[in-house]
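Coordinates as given in coords-v1.cif (mmCIF, C-alpha atoms and all ligand atoms):
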```cif
data_work
loop_
_atom_site.label_atom_id
_atom_site.label_comp_id
_atom_site.auth_asym_id
_atom_site.auth_seq_id
_atom_site.Cartn_x
_atom_site.Cartn_y
_atom_site.Cartn_z
CA MET B 1 43.17 -40.06 -0.80
CA SER B 2 41.05 -40.90 -3.80
CA THR B 3 41.09 -39.04 -7.11
CA GLN B 4 39.66 -35.54 -7.00
CA ARG B 5 36.86 -34.63 -9.40
CA SER B 6 36.40 -31.24 -11.04
CA GLU B 7 33.42 -31.49 -13.40
CA ALA B 8 31.65 -28.70 -11.52
CA GLY B 9 34.73 -26.57 -10.77
CA ARG B 10 37.51 -26.13 -8.22
CA ALA B 11 36.69 -24.82 -4.76
CA LEU B 12 38.91 -23.72 -1.91
CA ILE B 13 37.29 -23.94 1.52
CA VAL B 14 38.99 -22.00 4.29
CA GLY B 15 38.21 -23.50 7.72
CA ALA B 16 37.46 -27.10 8.67
CA GLY B 17 34.77 -26.39 11.26
CA VAL B 18 31.18 -27.54 10.96
CA ALA B 19 30.42 -25.11 8.10
CA GLY B 20 33.59 -25.87 6.12
CA LEU B 21 33.30 -29.64 6.45
CA THR B 22 29.62 -29.60 5.44
CA ALA B 23 30.45 -27.46 2.41
CA ALA B 24 33.30 -29.85 1.54
CA LEU B 25 31.02 -32.89 1.74
CA ARG B 26 28.19 -31.32 -0.26
CA LEU B 27 30.40 -29.81 -2.98
CA HIS B 28 32.47 -32.97 -3.32
CA ARG B 29 29.25 -34.92 -3.87
CA GLY B 30 28.20 -32.30 -6.42
CA GLY B 31 31.29 -33.04 -8.51
CA TRP B 32 33.56 -30.22 -7.29
CA GLU B 33 37.26 -30.60 -6.76
CA VAL B 34 37.68 -29.37 -3.22
CA LEU B 35 40.69 -28.31 -1.17
CA VAL B 36 40.17 -27.42 2.51
CA VAL B 37 42.73 -25.39 4.45
CA GLU B 38 42.54 -25.22 8.24
CA LYS B 39 44.68 -22.97 10.40
CA ALA B 40 44.79 -25.39 13.36
CA SER B 41 47.19 -28.30 13.29
CA GLY B 42 44.35 -30.85 13.42
CA ASN B 43 40.64 -31.31 13.96
CA ARG B 44 39.52 -28.80 16.63
CA ASN B 45 37.80 -30.64 19.43
CA GLY B 46 36.05 -29.02 22.34
CA GLY B 47 32.96 -27.05 23.21
CA THR B 48 29.84 -28.06 25.02
CA TRP B 49 26.62 -29.70 23.88
CA ILE B 50 24.32 -27.98 21.42
CA SER B 51 20.73 -28.45 20.25
CA PHE B 52 20.96 -29.69 16.68
CA ARG B 53 17.67 -29.11 14.87
CA GLY B 54 15.71 -27.33 12.13
CA VAL B 55 17.58 -26.56 8.92
CA GLY B 56 20.65 -28.40 10.23
CA TYR B 57 18.71 -31.54 11.08
CA GLN B 58 17.01 -31.55 7.67
CA ALA B 59 20.34 -31.05 5.89
CA ALA B 60 21.93 -33.85 7.93
CA GLU B 61 19.14 -36.12 6.77
CA ARG B 62 19.83 -35.20 3.11
CA LEU B 63 23.58 -35.65 3.61
CA GLY B 64 23.01 -39.13 5.06
CA ILE B 65 24.72 -38.39 8.40
CA LEU B 66 21.60 -38.34 10.57
CA PRO B 67 21.91 -41.94 11.84
CA GLN B 68 25.45 -41.20 13.11
CA LEU B 69 24.29 -37.98 14.76
CA ILE B 70 21.39 -39.78 16.44
CA GLU B 71 23.78 -42.43 17.70
CA ALA B 72 26.11 -39.75 19.14
CA GLN B 73 23.38 -37.79 20.96
CA LEU B 74 23.37 -37.48 24.73
CA PRO B 75 20.36 -37.96 26.99
CA TRP B 76 18.53 -34.75 27.97
CA GLU B 77 19.15 -33.97 31.62
CA ASP B 78 17.38 -31.96 34.30
CA ILE B 79 18.96 -28.53 34.72
CA HIS B 80 19.30 -27.34 38.31
CA MET B 81 19.07 -23.56 38.21
CA LEU B 82 21.06 -22.13 41.13
CA ASP B 83 21.59 -18.77 42.72
CA THR B 84 25.09 -17.38 43.30
CA ASP B 85 25.31 -19.19 46.66
CA GLY B 86 24.55 -22.49 44.95
CA ARG B 87 21.00 -22.69 46.35
CA LEU B 88 18.44 -24.31 44.07
CA ARG B 89 16.07 -21.81 42.46
CA VAL B 90 14.15 -24.27 40.27
CA VAL B 91 14.63 -27.51 38.31
CA TRP B 92 14.16 -27.19 34.56
CA ARG B 93 13.19 -30.79 33.96
CA ALA B 94 14.38 -32.75 30.94
CA ALA B 95 10.79 -33.91 30.40
CA THR B 96 9.60 -30.29 30.18
CA GLN B 97 12.46 -29.28 27.88
CA LEU B 98 11.48 -32.15 25.59
CA ALA B 99 7.75 -31.50 25.83
CA LEU B 100 8.18 -27.92 24.62
CA MET B 101 10.13 -28.86 21.49
CA ASN B 102 8.18 -28.77 18.29
CA GLU B 103 10.77 -30.32 16.05
CA PRO B 104 13.22 -33.22 16.27
CA THR B 105 16.20 -31.96 18.26
CA LEU B 106 19.46 -33.72 19.09
CA HIS B 107 21.35 -32.95 22.28
CA ILE B 108 24.87 -33.53 21.01
CA PRO B 109 28.45 -32.40 21.74
CA ARG B 110 29.44 -29.78 19.15
CA ASP B 111 32.66 -31.52 18.19
CA LYS B 112 30.86 -34.82 17.46
CA ILE B 113 29.21 -33.10 14.49
CA ALA B 114 32.61 -32.18 13.03
CA ASP B 115 33.89 -35.73 13.70
CA ILE B 116 30.91 -37.24 11.89
CA LEU B 117 31.35 -34.92 8.91
CA LEU B 118 35.03 -35.85 8.74
CA ASP B 119 34.10 -39.55 8.77
CA ALA B 120 31.58 -38.96 5.99
CA LEU B 121 34.32 -37.30 3.89
CA ASP B 122 36.23 -40.56 4.26
CA GLY B 123 39.53 -39.03 3.10
CA GLU B 124 37.97 -38.08 -0.26
CA VAL B 125 38.75 -34.38 0.14
CA LYS B 126 42.21 -33.04 0.87
CA ILE B 127 42.49 -31.07 4.12
CA GLU B 128 45.70 -29.07 4.64
CA TYR B 129 46.04 -28.47 8.37
CA GLY B 130 48.25 -25.69 9.71
CA THR B 131 47.48 -23.64 6.62
CA THR B 132 45.55 -20.46 5.93
CA VAL B 133 45.05 -18.06 3.07
CA SER B 134 47.37 -15.07 2.66
CA SER B 135 45.86 -13.28 -0.34
CA ILE B 136 42.96 -13.51 -2.78
CA THR B 137 42.93 -11.74 -6.16
CA GLN B 138 39.82 -12.06 -8.27
CA ASP B 139 38.96 -11.61 -11.93
CA GLU B 140 35.82 -12.41 -13.95
CA SER B 141 36.43 -16.13 -14.15
CA GLY B 142 38.12 -17.08 -10.91
CA ALA B 143 40.27 -16.28 -7.89
CA GLU B 144 44.05 -16.50 -7.52
CA VAL B 145 44.90 -17.51 -4.00
CA VAL B 146 48.21 -17.53 -2.17
CA LEU B 147 48.28 -19.88 0.81
CA SER B 148 50.39 -19.47 3.94
CA ASN B 149 52.52 -22.45 2.84
CA GLY B 150 53.61 -20.40 -0.19
CA VAL B 151 51.49 -22.31 -2.73
CA SER B 152 49.60 -20.20 -5.32
CA ASP B 153 46.56 -21.69 -7.01
CA ARG B 154 43.49 -20.73 -8.98
CA PHE B 155 39.92 -21.60 -7.96
CA ASP B 156 36.45 -21.07 -9.40
CA LEU B 157 35.09 -20.44 -5.91
CA VAL B 158 36.60 -19.54 -2.52
CA ILE B 159 34.43 -20.37 0.49
CA GLY B 160 35.30 -18.60 3.72
CA ALA B 161 34.17 -20.93 6.52
CA ASP B 162 36.74 -19.61 8.95
CA GLY B 163 34.46 -18.56 11.77
CA VAL B 164 33.63 -15.32 13.49
CA ASN B 165 37.14 -13.84 13.06
CA SER B 166 37.24 -14.76 9.36
CA VAL B 167 40.38 -13.84 7.44
CA VAL B 168 38.58 -14.42 4.14
CA ARG B 169 36.05 -11.75 5.17
CA GLU B 170 38.91 -9.41 6.03
CA LEU B 171 40.61 -10.03 2.66
CA ALA B 172 37.53 -9.83 0.43
CA PHE B 173 35.06 -7.58 2.28
CA GLY B 174 36.99 -5.38 4.71
CA PRO B 175 37.93 -5.06 8.38
CA GLU B 176 36.07 -7.15 10.96
CA ALA B 177 35.06 -4.04 12.93
CA GLU B 178 32.69 -3.07 10.09
CA PHE B 179 30.67 -6.25 10.54
CA ARG B 180 31.00 -7.36 14.17
CA THR B 181 28.60 -6.33 16.94
CA ASP B 182 29.59 -7.39 20.45
CA PHE B 183 27.05 -8.09 23.16
CA GLY B 184 29.64 -6.93 25.70
CA ASP B 185 29.90 -10.45 27.13
CA LEU B 186 32.79 -12.89 27.31
CA LEU B 187 32.42 -16.64 27.00
CA ALA B 188 34.94 -19.28 28.07
CA ILE B 189 34.13 -22.95 27.55
CA TYR B 190 36.43 -25.54 29.10
CA ASN B 191 36.35 -29.30 28.65
CA LEU B 192 37.12 -31.18 31.84
CA GLU B 193 38.00 -34.82 32.49
CA ARG B 194 36.19 -34.70 35.83
CA SER B 195 33.74 -32.39 37.52
CA PRO B 196 33.45 -31.39 41.17
CA VAL B 197 29.66 -31.46 40.70
CA ASP B 198 29.14 -34.81 38.99
CA THR B 199 25.62 -35.49 40.23
CA GLY B 200 23.90 -36.70 37.06
CA VAL B 201 22.19 -33.35 36.38
CA GLU B 202 23.25 -30.11 34.75
CA HIS B 203 23.88 -27.03 36.84
CA LEU B 204 23.29 -23.48 35.76
CA LEU B 205 24.28 -20.81 38.26
CA SER B 206 23.09 -17.27 37.57
CA GLY B 207 23.74 -13.86 39.02
CA VAL B 208 23.25 -10.49 37.38
CA GLY B 209 25.77 -10.28 34.55
CA ARG B 210 27.29 -13.72 35.07
CA MET B 211 26.53 -17.38 34.59
CA ILE B 212 28.25 -20.73 35.07
CA ALA B 213 26.95 -23.93 33.45
CA VAL B 214 28.32 -27.40 34.12
CA SER B 215 27.26 -30.23 31.81
CA ARG B 216 28.13 -33.85 31.30
CA LEU B 217 29.27 -34.81 27.76
CA GLY B 218 29.30 -38.59 27.96
CA ASP B 219 32.47 -39.45 29.87
CA THR B 220 33.71 -35.86 30.13
CA PHE B 221 32.32 -32.50 31.21
CA SER B 222 32.16 -28.92 30.08
CA VAL B 223 32.06 -25.80 32.17
CA ILE B 224 30.97 -22.48 30.75
CA PHE B 225 31.86 -19.16 32.32
CA LEU B 226 29.84 -16.34 30.79
CA TRP B 227 29.95 -12.76 31.99
CA THR B 228 29.19 -9.22 30.99
CA SER B 229 32.46 -7.37 30.91
CA THR B 230 32.84 -3.78 32.01
CA ASP B 231 36.14 -3.67 30.12
CA LEU B 232 36.04 -6.01 27.10
CA ALA B 233 39.39 -4.96 25.66
CA GLY B 234 41.05 -5.08 29.08
CA ASP B 235 39.64 -8.52 29.89
CA LEU B 236 40.72 -9.82 26.48
CA SER B 237 44.26 -8.59 26.94
CA THR B 238 44.44 -10.28 30.38
CA ASP B 239 45.40 -13.91 30.79
CA LEU B 240 42.13 -15.92 30.50
CA SER B 241 42.32 -17.65 33.87
CA LYS B 242 42.97 -14.31 35.57
CA ALA B 243 39.98 -12.72 33.80
CA VAL B 244 37.68 -15.62 34.79
CA ARG B 245 38.96 -15.70 38.35
CA ARG B 246 38.48 -11.93 38.73
CA ARG B 247 34.80 -12.25 37.79
CA PHE B 248 33.89 -15.46 39.66
CA GLU B 249 36.24 -16.00 42.61
CA ASP B 250 33.89 -14.37 45.13
CA LEU B 251 31.33 -17.14 44.61
CA GLY B 252 30.87 -20.17 46.84
CA TRP B 253 29.26 -23.52 45.96
CA ALA B 254 31.64 -25.54 43.74
CA VAL B 255 33.04 -22.44 42.02
CA PRO B 256 36.54 -22.50 43.63
CA ALA B 257 36.91 -26.17 42.61
CA LEU B 258 35.62 -25.45 39.08
CA LEU B 259 38.09 -22.57 38.69
CA LYS B 260 40.90 -24.87 39.76
CA GLU B 261 39.86 -27.61 37.31
CA ALA B 262 39.52 -25.06 34.49
CA GLU B 263 42.96 -23.60 35.17
CA ALA B 264 44.50 -27.05 34.70
CA VAL B 265 43.07 -27.33 31.16
CA PRO B 266 45.55 -26.27 28.42
CA SER B 267 43.04 -24.42 26.22
CA ALA B 268 39.48 -23.15 26.12
CA TYR B 269 37.03 -21.83 23.53
CA TYR B 270 37.20 -18.19 24.52
CA GLY B 271 36.16 -14.82 23.17
CA PRO B 272 33.55 -12.09 23.10
CA VAL B 273 30.01 -13.11 22.21
CA SER B 274 29.38 -11.36 18.92
CA GLN B 275 27.14 -11.28 15.89
CA ILE B 276 28.28 -10.73 12.32
CA LYS B 277 26.00 -8.61 10.17
CA MET B 278 26.74 -8.13 6.48
CA ASP B 279 24.75 -6.66 3.60
CA THR B 280 25.95 -9.45 1.37
CA TRP B 281 27.75 -12.74 1.94
CA SER B 282 29.46 -12.93 -1.43
CA GLN B 283 31.86 -10.80 -3.40
CA GLY B 284 32.48 -12.13 -6.92
CA ARG B 285 34.03 -15.58 -6.53
CA VAL B 286 34.30 -15.40 -2.75
CA VAL B 287 31.46 -16.46 -0.48
CA LEU B 288 31.22 -16.72 3.30
CA VAL B 289 29.31 -19.43 5.14
CA GLY B 290 28.64 -20.20 8.81
CA ASP B 291 29.86 -17.90 11.59
CA ALA B 292 32.09 -16.05 9.09
CA ALA B 293 28.93 -14.76 7.37
CA TRP B 294 26.16 -14.61 9.97
CA CYS B 295 27.50 -15.51 13.41
CA THR B 296 24.43 -15.39 15.65
CA GLY B 297 26.30 -15.51 18.96
CA PHE B 298 26.12 -18.24 21.54
CA TYR B 299 22.63 -17.35 22.80
CA ALA B 300 20.55 -18.89 20.01
CA GLY B 301 22.20 -22.30 20.49
CA PHE B 302 21.75 -22.69 16.75
CA GLY B 303 25.18 -21.91 15.25
CA ALA B 304 26.01 -25.46 14.18
CA SER B 305 22.50 -26.18 12.85
CA LEU B 306 22.58 -22.97 10.83
CA ALA B 307 26.08 -23.74 9.51
CA VAL B 308 25.14 -27.24 8.34
CA GLY B 309 21.87 -26.02 6.78
CA GLY B 310 23.53 -23.08 5.00
CA ALA B 311 26.49 -25.01 3.66
CA ASP B 312 24.27 -27.81 2.37
CA LEU B 313 21.95 -25.33 0.66
CA LEU B 314 24.98 -23.62 -0.92
CA GLY B 315 25.94 -26.94 -2.50
CA ASP B 316 22.35 -27.37 -3.71
CA VAL B 317 22.07 -24.01 -5.46
CA LEU B 318 25.49 -24.45 -7.07
CA GLU B 319 24.18 -27.70 -8.49
CA ARG B 320 20.98 -25.99 -9.68
CA HIS B 321 23.04 -23.46 -11.67
CA PRO B 322 26.00 -25.31 -13.15
CA GLY B 323 28.62 -22.89 -14.46
CA ASP B 324 26.70 -19.85 -13.20
CA ILE B 325 28.21 -19.06 -9.81
CA PRO B 326 26.86 -15.47 -9.51
CA THR B 327 23.25 -16.58 -9.99
CA ALA B 328 23.72 -19.49 -7.57
CA LEU B 329 25.17 -17.22 -4.88
CA ARG B 330 22.36 -14.67 -5.29
CA GLU B 331 19.71 -17.38 -5.03
CA TRP B 332 21.39 -18.98 -2.01
CA GLU B 333 21.56 -15.72 -0.15
CA ALA B 334 17.96 -14.74 -0.95
CA GLU B 335 16.80 -18.10 0.41
CA TYR B 336 19.00 -18.27 3.50
CA ARG B 337 19.29 -14.68 4.72
CA PRO B 338 15.79 -14.53 6.31
CA ILE B 339 16.55 -17.75 8.21
CA ALA B 340 19.87 -16.45 9.57
CA LEU B 341 18.39 -13.06 10.50
CA LYS B 342 15.56 -14.73 12.41
CA VAL B 343 18.07 -16.72 14.47
CA GLN B 344 20.12 -13.58 15.18
CA ALA B 345 16.97 -11.93 16.60
CA GLN B 346 16.25 -15.06 18.69
CA ALA B 347 19.78 -14.89 20.08
CA ARG B 348 19.29 -11.32 21.24
CA ARG B 349 16.08 -12.31 23.04
CA GLY B 350 17.67 -15.50 24.46
CA ARG B 351 20.48 -13.52 26.06
CA GLU B 352 18.11 -11.40 28.16
CA SER B 353 15.42 -13.96 28.87
CA PHE B 354 17.54 -17.01 29.66
CA PHE B 355 21.34 -16.66 29.76
CA LEU B 356 22.00 -13.25 31.27
CA PRO B 357 18.82 -11.70 32.67
CA PRO B 358 19.73 -8.06 33.33
CA THR B 359 18.42 -7.73 36.94
CA GLU B 360 17.68 -9.90 39.99
CA PHE B 361 14.00 -9.26 39.26
CA ALA B 362 14.43 -10.62 35.70
CA ILE B 363 16.16 -13.72 37.12
CA LYS B 364 13.18 -14.19 39.48
CA LEU B 365 10.76 -13.87 36.56
CA ARG B 366 12.71 -16.54 34.69
CA THR B 367 12.54 -18.79 37.75
CA ILE B 368 8.77 -18.31 37.99
CA PHE B 369 8.34 -19.04 34.29
CA LEU B 370 10.41 -22.24 34.51
CA TRP B 371 8.54 -23.29 37.65
CA ILE B 372 5.14 -22.75 36.04
CA ALA B 373 6.21 -24.37 32.77
CA GLY B 374 7.46 -27.41 34.70
CA ASN B 375 4.02 -28.25 36.04
CA SER B 376 2.54 -31.02 33.87
CA VAL B 377 -0.83 -29.24 33.43
CA THR B 378 0.85 -25.95 32.46
CA THR B 379 3.27 -27.78 30.16
CA ARG B 380 0.26 -29.18 28.33
CA LEU B 381 -1.38 -25.74 28.16
CA LEU B 382 1.86 -24.18 26.92
CA ARG B 383 2.12 -26.86 24.25
CA LEU B 384 -1.40 -26.00 23.11
CA PHE B 385 -0.69 -22.26 23.25
CA MET B 386 2.57 -22.61 21.30
CA GLY B 387 1.08 -25.10 18.82
CA VAL B 388 3.73 -27.65 19.77
CA ARG B 389 3.32 -31.06 18.19
CA SER B 390 5.37 -34.01 19.33
CA PRO B 391 8.44 -34.50 17.15
CA LYS B 392 8.18 -37.59 14.96
C1 LIG I 401 36.83 -25.38 19.40
C2 LIG I 401 35.46 -24.79 19.22
C3 LIG I 401 34.51 -24.95 20.24
C4 LIG I 401 33.24 -24.41 20.09
N1 LIG I 401 32.31 -24.61 21.08
C5 LIG I 401 31.06 -24.13 20.93
C6 LIG I 401 30.06 -24.38 21.91
O1 LIG I 401 30.31 -25.06 22.91
N2 LIG I 401 28.83 -23.86 21.74
C7 LIG I 401 28.51 -23.12 20.64
O2 LIG I 401 27.37 -22.67 20.52
N3 LIG I 401 29.44 -22.88 19.68
C8 LIG I 401 30.70 -23.37 19.80
N4 LIG I 401 31.63 -23.13 18.82
C9 LIG I 401 31.22 -22.34 17.65
C10 LIG I 401 30.40 -23.22 16.72
O3 LIG I 401 31.17 -24.31 16.29
C11 LIG I 401 29.95 -22.40 15.54
O4 LIG I 401 29.14 -21.32 16.00
C12 LIG I 401 29.11 -23.17 14.52
O5 LIG I 401 29.33 -24.53 14.53
C13 LIG I 401 29.40 -22.63 13.13
O6 LIG I 401 30.64 -23.17 12.75
P1 LIG I 401 31.66 -22.53 11.73
O7 LIG I 401 32.27 -23.70 11.04
O8 LIG I 401 31.04 -21.48 10.93
O9 LIG I 401 32.72 -21.81 12.67
P2 LIG I 401 33.79 -22.45 13.67
O10 LIG I 401 33.20 -23.56 14.43
O11 LIG I 401 34.34 -21.31 14.44
O12 LIG I 401 34.91 -23.06 12.70
C14 LIG I 401 35.80 -22.24 11.98
C15 LIG I 401 37.02 -23.07 11.60
O13 LIG I 401 37.89 -22.27 10.82
C16 LIG I 401 39.21 -22.35 11.32
N5 LIG I 401 39.87 -21.08 11.00
C17 LIG I 401 39.74 -19.89 11.64
N6 LIG I 401 40.50 -18.96 11.03
C18 LIG I 401 41.11 -19.57 10.00
C19 LIG I 401 42.01 -19.14 9.01
N7 LIG I 401 42.43 -17.86 8.96
N8 LIG I 401 42.45 -20.04 8.10
C20 LIG I 401 42.03 -21.33 8.15
N9 LIG I 401 41.18 -21.79 9.07
C21 LIG I 401 40.72 -20.92 9.98
C22 LIG I 401 39.03 -22.58 12.82
O14 LIG I 401 40.19 -23.16 13.38
C23 LIG I 401 37.84 -23.51 12.82
O15 LIG I 401 38.21 -24.86 12.66
C24 LIG I 401 32.91 -23.66 18.92
C25 LIG I 401 33.85 -23.51 17.91
C26 LIG I 401 35.12 -24.07 18.04
C27 LIG I 401 36.12 -23.89 16.93
#
```
Could I get this file's structure written as structure tokens?
Amino acid sequence: MSTQRSEAGRALIVGAGVAGLTAALRLHRGGWEVLVVEKASGNRNGGTWISFRGVGYQAAERLGILPQLIEAQLPWEDIHMLDTDGRLRVVWRAATQLALMNEPTLHIPRDKIADILLDALDGEVKIEYGTTVSSITQDESGAEVVLSNGVSDRFDLVIGADGVNSVVRELAFGPEAEFRTDFGDLLAIYNLERSPVDTGVEHLLSGVGRMIAVSRLGDTFSVIFLWTSTDLAGDLSTDLSKAVRRRFEDLGWAVPALLKEAEAVPSAYYGPVSQIKMDTWSQGRVVLVGDAAWCTGFYAGFGASLAVGGADLLGDVLERHPGDIPTALREWEAEYRPIALKVQAQARRGRESFFLPPTEFAIKLRTIFLWIAGNSVTTRLLRLFMGVRSPK
């Protein structure tokens, strides 16, 4: 590891996900001495593909990691929308998906973004894996932090990038229940070595209150089980595979084989789909970024883009106001809050209109919309109506 710099100050970043690694890269480049602590024992792989775009794409360009992201992107694929018996409702063609995009968008596995950020850090920032924060005590000029490895240290800034169940939020702002709103849905994403439906297209099976999506991620696959739970706490206290099986085992098609493949996987990304809503993202010398601050929930498909954009902007405003952290944090929040709130609203709409339509009728309406939108004449009309310009 190369020499740490501290002209700008010393920052502790809690969480080495997309938000934490972006913050580490941007602050390190801004002259901060940065320490990252991550609870997991190593880089957390897994997840499915995401659409990387907007503020995230622009930040990636500024951070110089765009060429690597472009290289890691996957081809867009047709999505076969199925009913619960596996019958084809409609094909949501890759060409239509692309035609309706009005900004450059990368179709990329979530964990590739973290890998690329780690590569960009090039060992320049120390990351303590298997470590978290146990306590934070603040005064006017800094924060005293005790880490789970027993080390006590003082920092000018503590950045909580520790995701939706943030411990930093709990320590500095209060209990999670005050800030978390659940949609009532549970999401389990598994990464599979092989897929029983490897046909070169994506599959998205929908019934009222449940959805399965199978996607190819290069040489591997992901399967998503998403369902509205009638007993969130009960489902969460049940073994995951039992909870998934209970909700999906009555289905035909490839579902029995997918359940079997999923059960053989040692771990999954699993939990309730939630949003985090806070009146402020900073408290003195502690600031939250990414899902810890504004988790939008799975339905916007924008969590990673928003995390990269927000963490990069945080580094920018800190550089604009050297030595004046309170002003920087106020300016950052004023600039970024409207963006995050807009995505949270999009997520709420996306849940009902695309991922979990509330009735069979709503699923039929979605099918009709996708069918109409897929016609080349209507696609062109929709592009005109939506003011879509081809991405450069
Ligand atoms: C394994 C995994 C798979 C995912 N898959 C998808 C997906 O397929 N689709 C999707 O839309 N979103 C997915 N997400 C969420 C997505 O990454 C985020 O919504 C988005 O990238 C914002 O990232 P974040 O860094 O704020 O939060 P996260 O990605 O959740 O990262 C938070 C990091 O903090 C660490 N951490 C948590 N608690 C502590 C603690 N107390 N101390 C130290 N470290 C801590 C976590 O281990 C994690 O590395 C996934 C997240 C993970 C971790």
Give me, as a PDB file with C-alpha atoms, in the coordinates of the input, all polymer residues having an atom no more than 12 Å from Ala161 (chain B), counting only C-alpha atoms and skipping those fewer than 6 positions away in the same chain.
```pdb
ATOM      1  CA  LEU B  12      38.910 -23.720  -1.910  1.00  0.00           C
ATOM      2  CA  ILE B  13      37.290 -23.940   1.520  1.00  0.00           C
ATOM      3  CA  VAL B  14      38.990 -22.000   4.290  1.00  0.00           C
ATOM      4  CA  GLY B  15      38.210 -23.500   7.720  1.00  0.00           C
ATOM      5  CA  ALA B  16      37.460 -27.100   8.670  1.00  0.00           C
ATOM      6  CA  GLY B  17      34.770 -26.390  11.260  1.00  0.00           C
ATOM      7  CA  VAL B  18      31.180 -27.540  10.960  1.00  0.00           C
ATOM      8  CA  ALA B  19      30.420 -25.110   8.100  1.00  0.00           C
ATOM      9  CA  GLY B  20      33.590 -25.870   6.120  1.00  0.00           C
ATOM     10  CA  LEU B  21      33.300 -29.640   6.450  1.00  0.00           C
ATOM     11  CA  THR B  22      29.620 -29.600   5.440  1.00  0.00           C
ATOM     12  CA  ALA B  23      30.450 -27.460   2.410  1.00  0.00           C
ATOM     13  CA  ALA B  24      33.300 -29.850   1.540  1.00  0.00           C
ATOM     14  CA  VAL B  36      40.170 -27.420   2.510  1.00  0.00           C
ATOM     15  CA  VAL B  37      42.730 -25.390   4.450  1.00  0.00           C
ATOM     16  CA  GLU B  38      42.540 -25.220   8.240  1.00  0.00           C
ATOM     17  CA  LYS B  39      44.680 -22.970  10.400  1.00  0.00           C
ATOM     18  CA  THR B 132      45.550 -20.460   5.930  1.00  0.00           C
ATOM     19  CA  VAL B 133      45.050 -18.060   3.070  1.00  0.00           C
ATOM     20  CA  VAL B 167      40.380 -13.840   7.440  1.00  0.00           C
ATOM     21  CA  VAL B 168      38.580 -14.420   4.140  1.00  0.00           C
ATOM     22  CA  ARG B 169      36.050 -11.750   5.170  1.00  0.00           C
ATOM     23  CA  TRP B 281      27.750 -12.740   1.940  1.00  0.00           C
ATOM     24  CA  VAL B 286      34.300 -15.400  -2.750  1.00  0.00           C
ATOM     25  CA  VAL B 287      31.460 -16.460  -0.480  1.00  0.00           C
ATOM     26  CA  LEU B 288      31.220 -16.720   3.300  1.00  0.00           C
ATOM     27  CA  VAL B 289      29.310 -19.430   5.140  1.00  0.00           C
ATOM     28  CA  GLY B 290      28.640 -20.200   8.810  1.00  0.00           C
ATOM     29  CA  ASP B 291      29.860 -17.900  11.590  1.00  0.00           C
ATOM     30  CA  ALA B 292      32.090 -16.050   9.090  1.00  0.00           C
ATOM     31  CA  ALA B 293      28.930 -14.760   7.370  1.00  0.00           C
ATOM     32  CA  TRP B 294      26.160 -14.610   9.970  1.00  0.00           C
ATOM     33  CA  CYS B 295      27.500 -15.510  13.410  1.00  0.00           C
ATOM     34  CA  ALA B 307      26.080 -23.740   9.510  1.00  0.00           C
ATOM     35  CA  VAL B 308      25.140 -27.240   8.340  1.00  0.00           C
ATOM     36  CA  GLY B 310      23.530 -23.080   5.000  1.00  0.00           C
ATOM     37  CA  ALA B 311      26.490 -25.010   3.660  1.00  0.00           C
TER      38      ALA B 311
END
```
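Residues lying within 12 Å of Gly46 (chain B), counting all atoms listed in the file and ignoring same-chain neighbours fewer than 4 positions away, are Gly17, Ile50, Pro109, Arg110, Asp111, Lys112, Ile113, Ala114, Asp115, Ala188, Ile189, Tyr190, Asn191, Leu192, Glu193, Leu217, Thr220, Phe221, Ser222, Val223, Ile224, Val265, Pro266, Ser267, Ala268, Tyr269 and Tyr270 of chain B.
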Neighbouring residues of region 69-74 of chain B were defined as those with any atom within 6 Å, considering all atoms listed in the file; residues of the same chain fewer than 5 positions away were excluded. Please report them as a PyMOL selection string.
chain B and resi 106-108
Closest of B:Arg44, B:Lys277, B:Arg89, B:His28 to ligand LIG 401 (chain I) - atom-to-atom distances counting only C-alpha atoms and all ligand atoms:
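Closest candidate: B:Arg44.
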Point-to-point distance from CA of Leu365 (chain B) to CA of Glu202 (chain B), Å rounded to tenths
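The value is 20.6 Å.
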Distance CA of Ile339 (chain B)-CA of Ser166 (chain B), one decimal place?
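Computed distance, CA of Ile339 (chain B) to CA of Ser166 (chain B), equals 20.9 Å.
Comparing the minimum interatomic distances between Phe183 (chain B) and each of B:Thr296, B:Ser195, B:Asn149, B:Asn102, counting all atoms listed in the file, we find that B:Thr296 sits nearest.
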Using all atoms listed in the file, which residue out of B:Asp162, B:Glu144, B:Glu103, B:Asp316 lies closest to Glu335 (chain B)?
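Selected residue with least distance to Glu335 (chain B): B:Asp316.
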Provide the CA of Thr228 (chain B) to atom C9 of ligand LIG 401 (chain I) distance in Å, to one decimal place.
18.8 Å
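Distances here use all atoms listed in the file; by that measure, the residue among B:Phe248, B:Val197, B:Asn375, B:Ser215 closest to ligand LIG 401 (chain I) is B:Ser215.
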Provide an axis-aligned box for all listed atoms of region 207-224 of chain B, padding each side by 8 Å; report its centre and its edge lengths in Å to one decimal, as AutoDock Vina command-line options.
```
--center_x 28.5 --center_y -24.9 --center_z 33.4 --size_x 26.5 --size_y 45.2 --size_z 27.3
```
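Remark: for Leu306 (chain B), the closest of the candidate residues B:Ala243, B:Leu117, B:Val343, B:Ala8 is B:Val343 (distances computed over all atoms listed in the file).
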From the options B:Leu384, B:Leu259, B:Ala334, B:Leu187, which residue's atoms come nearest to ligand LIG 401 (chain I), counting all atoms listed in the file?
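Of B:Leu384, B:Leu259, B:Ala334, B:Leu187, the one nearest ligand LIG 401 (chain I) is B:Leu187, counting all atoms listed in the file.
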